[in-house]
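Reproduced below: structure_23.txt, with compact mmCIF, C-alpha atoms and all ligand atoms.
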# COMPACT_ATOMS: atom_id res chain seq x y z
CA MET A 1 -23.11 -48.27 -64.52
CA THR A 2 -24.54 -45.80 -62.05
CA ALA A 3 -27.31 -47.25 -59.91
CA ILE A 4 -28.86 -43.93 -58.90
CA ARG A 5 -28.32 -40.47 -60.28
CA ALA A 6 -30.25 -37.41 -59.11
CA GLU A 7 -29.72 -33.91 -60.44
CA GLY A 8 -31.27 -30.82 -58.89
CA LEU A 9 -34.11 -32.80 -57.36
CA TYR A 10 -36.77 -30.83 -55.46
CA ALA A 11 -39.89 -31.91 -53.58
CA TYR A 12 -42.24 -29.29 -52.20
CA TYR A 13 -45.15 -29.91 -49.85
CA GLY A 14 -47.00 -26.62 -50.26
CA THR A 15 -44.30 -24.03 -49.71
CA ASN A 16 -42.09 -26.37 -47.65
CA ALA A 17 -39.10 -27.74 -49.58
CA ALA A 18 -38.67 -31.24 -48.13
CA VAL A 19 -35.97 -31.96 -50.72
CA ASN A 20 -34.12 -28.87 -51.77
CA GLY A 21 -31.89 -29.41 -54.80
CA LEU A 22 -30.53 -32.92 -54.34
CA ASP A 23 -27.55 -34.04 -56.41
CA LEU A 24 -26.56 -37.64 -55.86
CA THR A 25 -24.61 -40.39 -57.59
CA VAL A 26 -24.70 -43.94 -56.24
CA PRO A 27 -22.32 -46.41 -57.91
CA ASP A 28 -23.58 -49.79 -59.02
CA GLY A 29 -23.20 -52.48 -56.35
CA ALA A 30 -22.67 -50.03 -53.50
CA THR A 31 -24.22 -50.09 -50.07
CA PHE A 32 -25.17 -46.46 -49.78
CA GLY A 33 -26.40 -44.88 -46.56
CA PHE A 34 -28.55 -41.78 -46.65
CA LEU A 35 -28.03 -40.38 -43.21
CA GLY A 36 -30.07 -37.59 -41.70
CA PRO A 37 -32.13 -36.56 -38.68
CA ASN A 38 -35.91 -36.90 -38.43
CA GLY A 39 -37.63 -34.65 -40.93
CA ALA A 40 -34.52 -34.17 -43.12
CA GLY A 41 -36.41 -35.40 -46.20
CA LYS A 42 -35.10 -38.97 -46.45
CA THR A 43 -38.46 -40.68 -46.98
CA THR A 44 -39.46 -38.02 -49.50
CA THR A 45 -36.23 -38.70 -51.42
CA ILE A 46 -36.85 -42.46 -51.45
CA SER A 47 -40.44 -41.83 -52.54
CA MET A 48 -39.23 -39.88 -55.57
CA LEU A 49 -36.52 -42.39 -56.47
CA THR A 50 -39.01 -45.26 -56.26
CA THR A 51 -41.59 -43.38 -58.39
CA LEU A 52 -44.13 -43.03 -55.57
CA LEU A 53 -43.86 -39.25 -55.57
CA LYS A 54 -43.31 -37.04 -58.59
CA PRO A 55 -40.45 -34.57 -58.11
CA THR A 56 -41.44 -30.90 -58.11
CA ALA A 57 -38.35 -30.24 -60.21
CA GLY A 58 -35.13 -31.90 -61.31
CA ARG A 59 -34.45 -35.36 -62.67
CA ALA A 60 -33.45 -38.77 -61.40
CA GLU A 61 -32.48 -42.08 -62.94
CA VAL A 62 -32.53 -45.45 -61.20
CA ALA A 63 -30.76 -48.40 -62.84
CA GLY A 64 -30.35 -46.17 -65.88
CA VAL A 65 -34.08 -45.39 -66.23
CA ASP A 66 -35.76 -42.00 -65.76
CA VAL A 67 -38.14 -42.07 -62.78
CA VAL A 68 -40.60 -39.57 -64.24
CA SER A 69 -40.86 -40.62 -67.88
CA ARG A 70 -40.59 -44.44 -67.37
CA PRO A 71 -41.86 -45.20 -63.87
CA ALA A 72 -43.14 -48.71 -64.65
CA GLU A 73 -39.73 -49.73 -65.94
CA VAL A 74 -38.04 -48.32 -62.84
CA ARG A 75 -40.41 -50.34 -60.66
CA ARG A 76 -39.44 -53.53 -62.44
CA ARG A 77 -35.80 -52.94 -61.52
CA ILE A 78 -36.16 -52.06 -57.86
CA GLY A 79 -37.25 -53.54 -54.56
CA ILE A 80 -38.62 -51.46 -51.68
CA VAL A 81 -38.75 -52.04 -47.95
CA PHE A 82 -40.91 -49.35 -46.40
CA GLN A 83 -40.43 -47.78 -42.99
CA GLU A 84 -43.81 -49.06 -41.82
CA SER A 85 -44.76 -52.71 -42.26
CA THR A 86 -46.93 -53.28 -45.31
CA LEU A 87 -47.29 -57.05 -44.90
CA ASP A 88 -50.74 -58.57 -44.77
CA GLN A 89 -51.10 -59.77 -41.18
CA ASP A 90 -53.74 -62.35 -42.06
CA LEU A 91 -51.69 -64.06 -44.76
CA THR A 92 -48.85 -66.46 -44.06
CA ALA A 93 -45.22 -65.62 -44.87
CA ALA A 94 -45.37 -67.66 -48.09
CA GLU A 95 -48.70 -66.13 -49.11
CA ASN A 96 -47.33 -62.61 -48.64
CA LEU A 97 -44.43 -63.48 -50.93
CA ARG A 98 -46.73 -65.16 -53.46
CA PHE A 99 -48.84 -62.01 -53.60
CA GLN A 100 -45.71 -59.98 -54.31
CA ALA A 101 -44.57 -62.50 -56.94
CA ASP A 102 -47.89 -61.99 -58.74
CA LEU A 103 -47.38 -58.22 -58.64
CA CYS A 104 -43.88 -58.68 -60.08
CA GLY A 105 -45.39 -60.78 -62.86
CA LEU A 106 -43.33 -63.88 -62.03
CA GLY A 107 -44.53 -67.14 -63.55
CA ARG A 108 -45.87 -69.82 -61.19
CA ARG A 109 -42.82 -72.04 -61.36
CA GLU A 110 -40.32 -69.24 -61.14
CA ALA A 111 -42.25 -67.73 -58.21
CA ARG A 112 -42.26 -71.03 -56.31
CA GLY A 113 -38.48 -71.35 -56.65
CA MET A 114 -37.77 -67.76 -55.69
CA ILE A 115 -40.10 -67.80 -52.71
CA ALA A 116 -38.43 -70.93 -51.36
CA GLU A 117 -35.04 -69.37 -51.95
CA MET A 118 -35.98 -66.11 -50.19
CA LEU A 119 -37.51 -67.89 -47.22
CA ASP A 120 -34.43 -70.04 -46.96
CA MET A 121 -32.04 -67.13 -47.19
CA MET A 122 -33.88 -65.19 -44.51
CA GLU A 123 -34.08 -68.36 -42.40
CA LEU A 124 -37.85 -68.29 -42.47
CA SER A 125 -38.49 -71.63 -44.20
CA GLY A 126 -39.77 -73.21 -40.98
CA ARG A 127 -42.33 -70.45 -40.65
CA SER A 128 -43.57 -70.23 -44.22
CA ASN A 129 -47.10 -71.28 -43.25
CA VAL A 130 -47.38 -69.12 -40.13
CA PRO A 131 -49.66 -66.04 -40.39
CA VAL A 132 -47.58 -62.87 -40.26
CA GLY A 133 -49.77 -61.59 -37.41
CA GLN A 134 -47.93 -64.10 -35.21
CA PHE A 135 -44.45 -62.87 -36.24
CA SER A 136 -42.18 -60.81 -33.99
CA THR A 137 -41.00 -57.40 -35.27
CA GLY A 138 -37.64 -58.89 -36.26
CA LEU A 139 -39.21 -61.75 -38.23
CA ARG A 140 -41.51 -59.32 -40.02
CA ARG A 141 -38.56 -57.17 -41.00
CA ARG A 142 -36.78 -60.20 -42.42
CA LEU A 143 -39.86 -61.17 -44.38
CA GLU A 144 -40.17 -57.65 -45.70
CA ILE A 145 -36.59 -57.71 -46.91
CA ALA A 146 -37.24 -61.11 -48.53
CA ARG A 147 -40.22 -59.57 -50.29
CA GLY A 148 -38.15 -56.55 -51.40
CA LEU A 149 -35.62 -58.93 -52.97
CA LEU A 150 -38.16 -61.18 -54.64
CA GLY A 151 -38.14 -59.83 -58.18
CA SER A 152 -34.28 -59.87 -58.32
CA PRO A 153 -34.07 -56.07 -58.20
CA ARG A 154 -30.99 -54.19 -59.37
CA VAL A 155 -31.48 -51.64 -56.61
CA LEU A 156 -33.00 -52.33 -53.21
CA PHE A 157 -34.38 -49.31 -51.33
CA LEU A 158 -34.83 -49.60 -47.60
CA ASP A 159 -36.33 -46.82 -45.50
CA GLU A 160 -34.90 -47.10 -41.98
CA PRO A 161 -34.65 -50.89 -42.27
CA THR A 162 -33.66 -51.74 -38.73
CA THR A 163 -35.55 -49.17 -36.66
CA GLY A 164 -37.12 -50.83 -33.65
CA LEU A 165 -34.99 -53.98 -33.94
CA ASP A 166 -32.75 -55.26 -31.17
CA ALA A 167 -28.99 -55.28 -31.73
CA GLN A 168 -28.88 -59.01 -32.55
CA THR A 169 -31.64 -58.86 -35.17
CA ARG A 170 -30.13 -55.69 -36.61
CA ALA A 171 -26.81 -57.50 -37.06
CA ALA A 172 -28.60 -60.45 -38.69
CA VAL A 173 -30.41 -58.16 -41.15
CA TRP A 174 -27.09 -56.62 -42.20
CA GLU A 175 -25.58 -60.04 -42.61
CA TYR A 176 -28.45 -61.12 -44.91
CA LEU A 177 -28.18 -57.94 -46.93
CA GLY A 178 -24.39 -58.31 -47.21
CA ARG A 179 -24.74 -61.88 -48.43
CA ARG A 180 -27.35 -60.93 -51.00
CA ARG A 181 -25.24 -58.11 -52.23
CA GLN A 182 -22.23 -60.37 -52.64
CA GLU A 183 -24.20 -63.06 -54.43
CA GLN A 184 -26.18 -60.82 -56.76
CA GLY A 185 -24.24 -57.57 -56.85
CA ILE A 186 -27.32 -55.50 -56.12
CA THR A 187 -27.12 -51.91 -54.97
CA VAL A 188 -28.49 -51.25 -51.50
CA PHE A 189 -29.73 -47.73 -50.78
CA PHE A 190 -31.03 -47.15 -47.29
CA THR A 191 -32.00 -44.25 -45.09
CA THR A 192 -31.18 -44.05 -41.43
CA HIS A 193 -30.81 -41.63 -38.58
CA GLN A 194 -28.67 -44.11 -36.67
CA LEU A 195 -25.00 -43.41 -37.02
CA GLU A 196 -23.88 -46.91 -36.06
CA GLU A 197 -25.84 -48.22 -39.03
CA ALA A 198 -23.92 -46.04 -41.44
CA GLU A 199 -20.75 -47.98 -40.63
CA HIS A 200 -22.11 -50.80 -42.86
CA CYS A 201 -21.87 -48.59 -45.93
CA ASP A 202 -19.29 -48.18 -48.68
CA ARG A 203 -20.52 -44.65 -49.02
CA ILE A 204 -22.65 -42.24 -47.03
CA ALA A 205 -24.40 -39.03 -47.88
CA ILE A 206 -25.14 -36.82 -44.91
CA PHE A 207 -28.46 -35.19 -45.57
CA ASP A 208 -29.89 -32.26 -43.65
CA LYS A 209 -32.77 -29.88 -44.37
CA GLY A 210 -33.38 -31.34 -47.81
CA LYS A 211 -29.76 -31.18 -49.00
CA VAL A 212 -26.66 -33.38 -49.09
CA VAL A 213 -24.09 -31.63 -46.92
CA THR A 214 -21.26 -34.10 -47.50
CA GLU A 215 -20.60 -37.48 -49.07
CA GLY A 216 -17.90 -40.14 -48.95
CA SER A 217 -16.84 -43.41 -47.36
CA PRO A 218 -17.12 -43.54 -43.54
CA ALA A 219 -13.31 -43.42 -43.31
CA GLU A 220 -13.05 -40.43 -45.67
CA LEU A 221 -15.69 -38.52 -43.79
CA LYS A 222 -14.04 -39.19 -40.46
CA SER A 223 -10.64 -38.18 -41.81
CA ILE A 224 -12.05 -34.72 -42.54
CA ILE A 225 -12.41 -34.24 -38.80
CA GLY A 226 -8.77 -35.26 -38.81
CA SER A 227 -7.99 -35.42 -35.14
CA ASP A 228 -8.36 -37.65 -32.12
CA LEU A 229 -9.96 -36.50 -28.89
CA VAL A 230 -7.72 -36.89 -25.85
CA VAL A 231 -9.11 -36.58 -22.34
CA LEU A 232 -6.41 -36.16 -19.74
CA ARG A 233 -6.94 -36.23 -15.99
CA THR A 234 -4.03 -35.06 -13.87
CA GLU A 235 -3.29 -34.09 -10.28
CA ASP A 236 -3.39 -30.45 -11.31
CA ASP A 237 -5.37 -29.85 -14.52
CA ALA A 238 -4.80 -26.09 -14.49
CA LEU A 239 -1.02 -26.55 -14.38
CA ALA A 240 -1.20 -29.31 -17.00
CA ALA A 241 -3.18 -27.00 -19.32
CA GLU A 242 -0.53 -24.32 -18.92
CA GLN A 243 2.31 -26.74 -19.67
CA LEU A 244 0.53 -28.28 -22.66
CA SER A 245 0.19 -24.80 -24.10
CA GLU A 246 3.75 -23.68 -23.33
CA ARG A 247 5.62 -26.90 -24.11
CA PHE A 248 3.50 -28.37 -26.93
CA GLY A 249 1.51 -25.39 -28.26
CA LEU A 250 -1.73 -27.29 -27.57
CA THR A 251 -5.03 -25.69 -26.63
CA THR A 252 -7.10 -27.53 -24.03
CA GLU A 253 -10.60 -27.22 -22.70
CA PRO A 254 -11.53 -28.06 -19.13
CA ALA A 255 -14.39 -30.59 -18.95
CA PRO A 256 -15.97 -32.57 -16.10
CA ASP A 257 -14.01 -35.66 -17.11
CA GLY A 258 -10.63 -33.86 -17.38
CA LEU A 259 -8.77 -31.74 -19.89
CA ARG A 260 -9.92 -32.20 -23.49
CA LEU A 261 -7.69 -31.61 -26.47
CA ARG A 262 -7.59 -32.53 -30.14
CA VAL A 263 -4.40 -33.95 -31.61
CA PRO A 264 -3.64 -35.32 -35.09
CA HIS A 265 -2.67 -38.83 -33.95
CA GLY A 266 -3.44 -39.56 -30.31
CA PRO A 267 -1.69 -42.93 -29.85
CA THR A 268 1.66 -41.49 -31.00
CA LEU A 269 1.46 -38.16 -29.23
CA VAL A 270 -0.03 -39.15 -25.87
CA PRO A 271 3.09 -40.94 -24.48
CA ARG A 272 5.19 -37.89 -25.40
CA LEU A 273 2.71 -35.58 -23.73
CA CYS A 274 2.63 -37.64 -20.54
CA ALA A 275 6.43 -37.85 -20.39
CA GLY A 276 6.83 -34.12 -21.01
CA LEU A 277 4.42 -32.93 -18.33
CA GLY A 278 5.67 -31.98 -14.90
CA VAL A 279 2.33 -33.07 -13.39
CA THR A 280 1.25 -36.59 -12.44
CA VAL A 281 -1.18 -38.00 -15.04
CA LEU A 282 -4.01 -39.99 -13.42
CA SER A 283 -5.76 -41.21 -16.54
CA VAL A 284 -5.81 -40.65 -20.28
CA THR A 285 -8.23 -41.74 -23.02
CA THR A 286 -7.96 -41.29 -26.78
CA THR A 287 -10.99 -41.47 -29.08
CA SER A 288 -10.93 -41.42 -32.87
CA PRO A 289 -13.52 -39.29 -34.70
CA THR A 290 -16.97 -40.80 -35.05
CA LEU A 291 -19.68 -40.20 -37.64
CA ASP A 292 -21.45 -38.28 -34.92
CA ASP A 293 -18.53 -35.85 -35.00
CA VAL A 294 -18.77 -35.71 -38.79
CA PHE A 295 -22.46 -34.87 -38.65
CA LEU A 296 -21.89 -32.20 -36.02
CA HIS A 297 -18.99 -30.75 -38.02
CA HIS A 298 -21.11 -30.33 -41.15
CA THR A 299 -24.46 -29.33 -39.71
CA GLY A 300 -23.61 -27.67 -36.41
CA SER A 301 -26.09 -29.89 -34.59
CA GLU A 302 -26.33 -33.46 -33.43
CA ILE A 303 -28.18 -36.16 -35.30
CA ARG A 304 -29.25 -37.90 -32.15
CA GLU A 305 -32.78 -37.41 -31.03
CA SER A 306 -33.64 -35.19 -28.08
CA GLY A 307 -33.14 -36.59 -24.62
CA THR A 308 -29.45 -37.26 -25.15
CA LYS A 309 -26.61 -34.96 -24.26
CA THR A 310 -26.40 -31.85 -26.42
CA ARG A 311 -22.91 -31.21 -27.75
CA THR A 312 -21.48 -28.07 -29.21
CA LEU A 313 -18.99 -27.53 -31.99
CA SER A 314 -16.25 -26.92 -29.44
CA ASP A 315 -16.76 -30.50 -28.23
CA ILE A 316 -15.27 -31.73 -31.47
CA GLY A 317 -12.49 -29.19 -31.42
CA GLU A 318 -13.80 -26.70 -33.98
CA GLY A 319 -12.13 -23.91 -32.05
CA MET A 320 -8.83 -25.70 -31.86
CA ARG A 321 -7.92 -25.98 -35.48
N1 LIG B 401 -47.27 -35.75 -47.08
C1 LIG B 401 -46.69 -34.67 -46.56
N2 LIG B 401 -47.31 -33.49 -46.52
C2 LIG B 401 -46.73 -32.39 -46.00
N3 LIG B 401 -45.48 -32.36 -45.48
C3 LIG B 401 -44.80 -33.53 -45.48
C4 LIG B 401 -45.37 -34.74 -46.00
N4 LIG B 401 -44.45 -35.74 -45.87
C5 LIG B 401 -43.37 -35.18 -45.28
N5 LIG B 401 -43.58 -33.86 -45.04
C6 LIG B 401 -42.61 -32.92 -44.45
O1 LIG B 401 -41.44 -32.94 -45.25
C7 LIG B 401 -40.27 -32.92 -44.45
C8 LIG B 401 -39.43 -34.15 -44.73
O2 LIG B 401 -40.14 -35.33 -44.30
P1 LIG B 401 -39.60 -36.81 -44.54
O3 LIG B 401 -40.60 -37.76 -43.99
O4 LIG B 401 -39.19 -36.95 -45.96
O5 LIG B 401 -38.29 -36.78 -43.62
P2 LIG B 401 -37.43 -38.01 -43.05
O6 LIG B 401 -36.01 -37.55 -43.13
O7 LIG B 401 -37.78 -39.25 -43.76
O8 LIG B 401 -37.89 -38.09 -41.54
P3 LIG B 401 -37.99 -39.42 -40.57
O9 LIG B 401 -36.59 -39.83 -40.27
O10 LIG B 401 -38.69 -38.84 -39.36
O11 LIG B 401 -38.79 -40.44 -41.30
C9 LIG B 401 -40.76 -32.82 -43.00
O12 LIG B 401 -40.75 -31.45 -42.64
C10 LIG B 401 -42.18 -33.37 -43.06
O13 LIG B 401 -42.96 -32.79 -42.06
Represent the structure from my file as structure tokens, please.
Ligand SMILES: Nc1ncnc2c1ncn2[C@@H]1O[C@H](COP(=O)(O)OP(=O)(O)OP(=O)(O)O)[C@@H](O)[C@H]1O
Amino acid sequence: MTAIRAEGLYAYYGTNAAVNGLDLTVPDGATFGFLGPNGAGKTTTISMLTTLLKPTAGRAEVAGVDVVSRPAEVRRRIGIVFQESTLDQDLTAAENLRFQADLCGLGRREARGMIAEMLDMMELSGRSNVPVGQFSTGLRRRLEIARGLLGSPRVLFLDEPTTGLDAQTRAAVWEYLGRRRQEQGITVFFTTHQLEEAEHCDRIAIFDKGKVVTEGSPAELKSIIGSDLVVLRTEDDALAAEQLSERFGLTTEPAPDGLRLRVPHGPTLVPRLCAGLGVTVLSVTTTSPTLDDVFLHHTGSEIRESGTKTRTLSDIGEGMR
């Protein structure tokens, strides 16, 4: 079964198309990353798929149910973890979950069992009676995920689930989600603007300006870039560039860290290059394509937020192929 299917989905705020004709298919049981920069329309997409916002046009099904015509049924089959915390700070961890269990319509006995199970799985059992106001950001996030999983959803939606978490807590959250997915086969759909996070996915859709620009597994998407970046520092870079062009037909670009070139398979080619050059090689590094490269390749801009180095298409070798 398909967990999520969207066809020609649009969301307008006034005249601004936040989601601009989205087509999407998420297989059952997948961990699917919806990757895009700030303002791309990720939250708006999640809002439509979770029935919180009515699409301006188009249709979408979640767990086989239409989000517009049968919203209550969709809600019974999904869990949501919002970008901002929606926990009640004055209630304890267990009370927050009990409140959610009531909303899910779980019976008393069933609720008690599930709450204990969730707290245990998220390693929060020892804190069940602590008010959430006393929780760290990481603990709150864990509790929110526990709450999202409480009604045994078929599809769990998470909007930027690990934003603001340190690396250790982020890793723990992914471990919990992975375990849950294995045990219950749920589909995990999450948005992120952090490329490292997308490595946890079976599939990724790169989303920009309200549209999916490409989709596939991380490996498939990286293979589209198809080449490794080699940075070569020699005793005479100008001469090395000349020889690489004449002897190997390779185009290079001078950069502050050395000569940059793109080759199909760096580890195989680099020893041949070094041996064939009549210039002493001081250092050489080979880097495989990253999702950052993939994003840049498809959108012409970087996903990273301002304040970091701006790269251009030539950095990923667009001009060399
Ligand atoms: N309630 C609203 N009213 C008007 N415009 C909105 C509203 N919510 C979002 N937008 C606009 O729609 C576009 C998409 O916003 P959205 O929050 O869906 O993006 P996002 O990809 O989730 O961004 P972020 O990563 O910053 O959360 C943006 O231009 C935003 O300013």
- Note on the structure: One decimal place gives the CA of Cys104 (chain A)-CA of Ile78 (chain A) separation as 10.4 Å
- Query: Counting all atoms listed in the file, what residues are within 12 Å of ligand LIG 401 (chain B), given as a ChimeraX atom specification?
  - Reply: /A:10-20,34-48,52-53,82-84,158-161,163,190-194,206-212,303-305
- Message: List the spatial neighbours of region 60-71 of chain A as a ChimeraX atom specification - criterion: any atom at most 12 Å away, all atoms listed in the file, same-chain residues fewer than 2 positions off excluded.
- Response: /A:1-10,21-29,45-58,73-79,153-157,186-189
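For the pair CA of Glu175 (chain A) and CA of Leu87 (chain A), the interatomic distance is 22.0 Å.
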- Could you name the residues that touch Glu235 (chain A) at 12 Å or less, counting all atoms listed in the file, but leaving out those on the same chain fewer than 4 positions away, as JSON, numbers by chain? {"A": [239, 240, 241, 258, 259, 277, 278, 279, 280, 281, 282, 283]}
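In terms of minimum interatomic distance to Asp292 (chain A), A:Glu199 ranks closest within A:Leu232, A:Ala238, A:Val263, A:Glu199, counting all atoms listed in the file.
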- Message: My list of candidates is A:Thr92, A:Thr299, A:Gln100, A:Thr214. Which is closest to Ala146 (chain A) when distances are computed with only C-alpha atoms?
- Response: A:Gln100
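If all atoms listed in the file are the atoms counted, then among A:Gly107, A:Pro289, A:Pro256, A:Gly164 the closest residue to Ile224 (chain A) is A:Pro289.
Excluding Arg260 (chain A) itself and any same-chain residue fewer than 4 positions from it, the protein and nucleic acid residues within 9 Å of it, counting all atoms listed in the file, are Leu229, Val230, Val231, Leu232, Thr251, Thr252, Glu253, Pro254, Ala255, Asp315 and Gly317 of chain A.
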Go ahead and dump the residues you just picked, C-alpha atoms, as a PDB file, keeping the file's coordinate frame.
ATOM      1  CA  LEU A 229      -9.960 -36.500 -28.890  1.00  0.00           C
ATOM      2  CA  VAL A 230      -7.720 -36.890 -25.850  1.00  0.00           C
ATOM      3  CA  VAL A 231      -9.110 -36.580 -22.340  1.00  0.00           C
ATOM      4  CA  LEU A 232      -6.410 -36.160 -19.740  1.00  0.00           C
ATOM      5  CA  THR A 251      -5.030 -25.690 -26.630  1.00  0.00           C
ATOM      6  CA  THR A 252      -7.100 -27.530 -24.030  1.00  0.00           C
ATOM      7  CA  GLU A 253     -10.600 -27.220 -22.700  1.00  0.00           C
ATOM      8  CA  PRO A 254     -11.530 -28.060 -19.130  1.00  0.00           C
ATOM      9  CA  ALA A 255     -14.390 -30.590 -18.950  1.00  0.00           C
ATOM     10  CA  ASP A 315     -16.760 -30.500 -28.230  1.00  0.00           C
ATOM     11  CA  GLY A 317     -12.490 -29.190 -31.420  1.00  0.00           C
TER      12      GLY A 317
END
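Here CA of His265 (chain A) and CA of Cys201 (chain A) stand 24.6 Å from one another.
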- Query: Which of these, A:Ile225, A:Leu165, A:Leu269, A:Met121, has the shortest distance to Glu183 (chain A) once you count only C-alpha atoms?
  - Reply: A:Met121
